[in-house]
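This report refers to the structure that appears directly beneath it.
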Amino acid sequence: MEETTSNFIHEIIDSDLESGRETHVHTRFPPEPNGYLHIGSAKAIWINSGTAKKYNGEFNLRYDDTNPVKEDDEYVRSIEEDLRWLGAEPNHIFYGSDYFEKCYEFAVKLIKDGKAYVCDLNAEEMRAYRGTLTEPGKESPYRNRSVEENLDLFERMKNGEFADGTKTLRAKIDMASPNINMRDPAIYRILHTHHHRQGDKWCIYPLYDYAHPIQDALEGITHSLCSIEFENHRPLYNWVVDNIGFEQKPHQYEFARLNLTYTVMSKRYLRELVETGRVDGWDDPRMPTLCGMRRRGYTPSSIIEFVKKAGVAKAYSIVDIELLEHCIRDELNTTAQRRIALLDPIKVTITNYPEDKTEEFEVTNNPQDPEAGTRKVTFSKHLYIDKSDFAEVPPPKFFRLKPGGEVRLMGSYIIKYEDVIKDENGNITEILCSCDLETGCGNPVDGRKVKGTIHWLSDVNADDAEIHLYDRLFTLANVFDIPEGKTYTDYLNPNSLTVVNAKVEKCLASAEKGEKFQFVRTGYFCKDTKYENCYNQIVSLKDSYKA
């Protein structure tokens with residue numbers, strides 16, 4: 001994981017170290033294991049891990065598993081895999097559930113200090129009592145219970161005597177606070193649900209705003225770096241730290257979350273796409289999940305380069321997805337070996353080439369990388385070209401194969417159109433051409449100019465393969481601003497996946513799953529890790545992004 005470049009967070013840390021408020025830097029990434037990480041998570045990972053690395057500090061992975069309803073070991077495993085894939089090796093791995101005993105002890109302390117109480121209001125009543133942004137809230141009728149009664153009720157909550165939703169433990173702060181989060185927030189709720197690590201030991205669970213600052217303090221986190229939606233929660237974070245009485249006090253700082261055009265980041269929406277079968281699982285290459293992007297062919301370095309270019313700030317913004325595509329395209333241009341694939345193949349027969357003859361031409365694997373070497377491609381009487389490279393009635397300035405025209409087969413001979421063969425429906429099934437045998441890798445001896453060059457495969461060097469071509473998953477650029485009366489599903493792109501049966505070089509059969517190539521004149525592709533003989537389009541060759 002490459003360390004972050006300078007930003008406002010580092011200016012704060014520099015000041016903390018210079019003033020002596022902190023002597024080292026300790027950060028954390030606290031995902032809830034209720035889904036797979038996505039490209040937005042990569043920003044938080046990079047900021048926290050890269051910051052720790054920059055200051056020779058420590059970086060924790062902490063699973064926020066305080067809400068057992070949707071948490072699962074499947075997500076726990078995937079999160080660690082994604083972090084390590086990105087190069088964000090954690091110094092320590094913890095679980096929020098590791099601190100359940102401590103959270104309970106501190107809750108008892110708050111009750112004894114008169115700073116927490118058991119409340120019988122249900123969720124709807126609590127909302128009504130909370131007030132609005134312009135009106136103060138009303139105190140709960142249970143706010144002034146005695147310490148002894150609160151201790152008794154809280155222990156009975158822990159012992160499972162009450163049903164879900166019938167009681168909560170609330171912090172006693174200020175029902176007239178202009179910050180609604182400070183109006184006696186709930187810090188414990190009853191939930192008779194099996195926990196993926198704790199089993200059935202607990203039936204009460206701490207809420208995030210209460211558990212998170214405790215976990216940070218116990219782990220020695222110095223700078224709790226999180227996305228901007230937690231800014232209004234910072235006073236509560238500080239209240240918990242101060243009133244429990246931690247000597248080492250972590251401090252929370254917020255940055256703008258990563259929003260991307262044509263993309264949703266909500267785990268709820270992503271889970272719905274998976275559960276309704278609209279996509280091929282969490283790792284569908286159209287998904288913004290890190291496992292989906294990995295399967296599609298994105299590299300860790302391209303993702304880190306993207307979040308670096310997107311920047312670290314506090315202001316809300318939406319980053320153009322073309323910047324992400326630019327980053328992977330720029331990298332693969334120099335690293336990906338070239339191969340030939342025909343996405344819409346049509347047969348070509350060279351009429352003046354012997355039936356039993358083959359010959360080989362040497363081609364460069366990557367013109368950007370001399371060390372990539374060369375490979376040999378076979379030429380024979382029967383070939384394939386892409387249908388788009390032939391026009392029986394060509395448009396103006398069409399320099400590919402056409403009646404009366406010539407075209408160079410990339411790296412080999414010039415061929416000339418002679419005729420076509422059609423089926424009973426008038427569809428062209430085969431193109432007949434002659435070959436200028438004096439032009440192997442050279443120019444015509446008579447000096448004539450041939451403008452067009454197309455890619456091709458011989459029948460002896462062609463395998464069948466399935467190619468997955470991708471478009472945006474959504475048709476709306478700003479899926480974060482859906483018009484009233486619409487939902488995100490109204491903007492799902494029905495043409496986000498196109499499957500084609502192609503012809504590819506035989507040597508691709510030995511390629512490793514996940515290996516990336518440039519299919520010449522077509523785009524960048526990755527050998528799929530899930531299905532055999534399948535290739536996923538990563539990105540096209542054309543780069544329209546203006547850096």
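Ligands are numbered from 1 in the order shown, residues from 1 within each chain, and chains are lettered A, B, ... in the order they appear in the structure tokens.
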TODO: With a distance cut-off of 12 Å and only C-alpha atoms, select the neighbouring residues of Leu497 (chain A), excluding the residue or stretch itself and same-chain residues fewer than 3 positions from it, and output the selection as a list in words.
DONE: Arg278, Val279, Asp280, Asp284, Pro285, Arg286, Met287, Ile467, His468, Leu469, Tyr470, Asp471, Arg472, Leu473, Phe474, Leu492, Asn493, Pro494, Val500, Asn536 and Gln537 of chain A
TODO: Run DSSP on the backbone of this structure and report the residues of region 158-211 of chain A it assigns to helix (DSSP H, G or I), as a ChimeraX atom specification.
DONE: /A:158,180-182,208-211
Would you mind exporting the chosen residues as a compact mmCIF listing (two decimals), in the first residue's frame, restricted to N, CA, C and O atoms?
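As written to disk, again-v1.txt reads:
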```txt
# COMPACT_ATOMS: atom_id res chain seq x y z
N LYS A 158 -29.59 -7.71 29.94
CA LYS A 158 -28.49 -8.60 29.56
C LYS A 158 -28.87 -10.06 29.76
O LYS A 158 -28.46 -10.94 28.98
N ILE A 180 -28.94 16.79 17.08
CA ILE A 180 -29.91 15.75 17.44
C ILE A 180 -29.22 14.49 17.96
O ILE A 180 -29.77 13.76 18.78
N ASN A 181 -28.00 14.24 17.50
CA ASN A 181 -27.28 13.05 17.95
C ASN A 181 -26.97 13.08 19.45
O ASN A 181 -26.67 12.04 20.04
N MET A 182 -27.04 14.26 20.03
CA MET A 182 -26.74 14.42 21.46
C MET A 182 -27.99 14.38 22.33
O MET A 182 -27.92 14.53 23.55
N TYR A 208 -23.22 1.58 17.42
CA TYR A 208 -21.94 1.99 16.85
C TYR A 208 -21.38 3.25 17.49
O TYR A 208 -20.19 3.30 17.82
N ASP A 209 -22.21 4.27 17.65
CA ASP A 209 -21.73 5.56 18.17
C ASP A 209 -21.19 5.44 19.59
O ASP A 209 -20.38 6.28 20.01
N TYR A 210 -21.61 4.42 20.29
CA TYR A 210 -21.09 4.18 21.64
C TYR A 210 -19.88 3.25 21.60
O TYR A 210 -18.85 3.52 22.23
N ALA A 211 -19.97 2.17 20.84
CA ALA A 211 -18.91 1.16 20.82
C ALA A 211 -17.65 1.66 20.13
O ALA A 211 -16.53 1.35 20.55
```
Task: Nearby residues (only C-alpha atoms) at most 10 Å from Lys172 (chain A), same-chain spacing under 6 positions excluded, as an MDAnalysis selection string - done: chainID A and resid 110:111 114:118 139 143:144 182:186
What are the closest atom pairs, with distances in Å to one decimal, for all residues of region 311-395 of chain A lying within 12 Å of region 230-254 of chain A? Consider only C-alpha atoms, order rows by chain and residue number, and present the result as a tab-separated table.
```
residue	atom	partner	partner_atom	distance
A:Val312	CA	A:Glu254	CA	10.0
A:Ala313	CA	A:Glu254	CA	8.9
A:Lys314	CA	A:Glu254	CA	7.1
A:Ala315	CA	A:Glu254	CA	10.4
A:Tyr316	CA	A:Glu254	CA	11.7
```
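Contact shell of Pro31 (chain A) at 9 Å (only C-alpha atoms; same-chain neighbours under 3 positions omitted): Asn34, Leu37, Ser41, Leu61, Arg62, Tyr63, Asp64, Asp65 and Ile79 of chain A.
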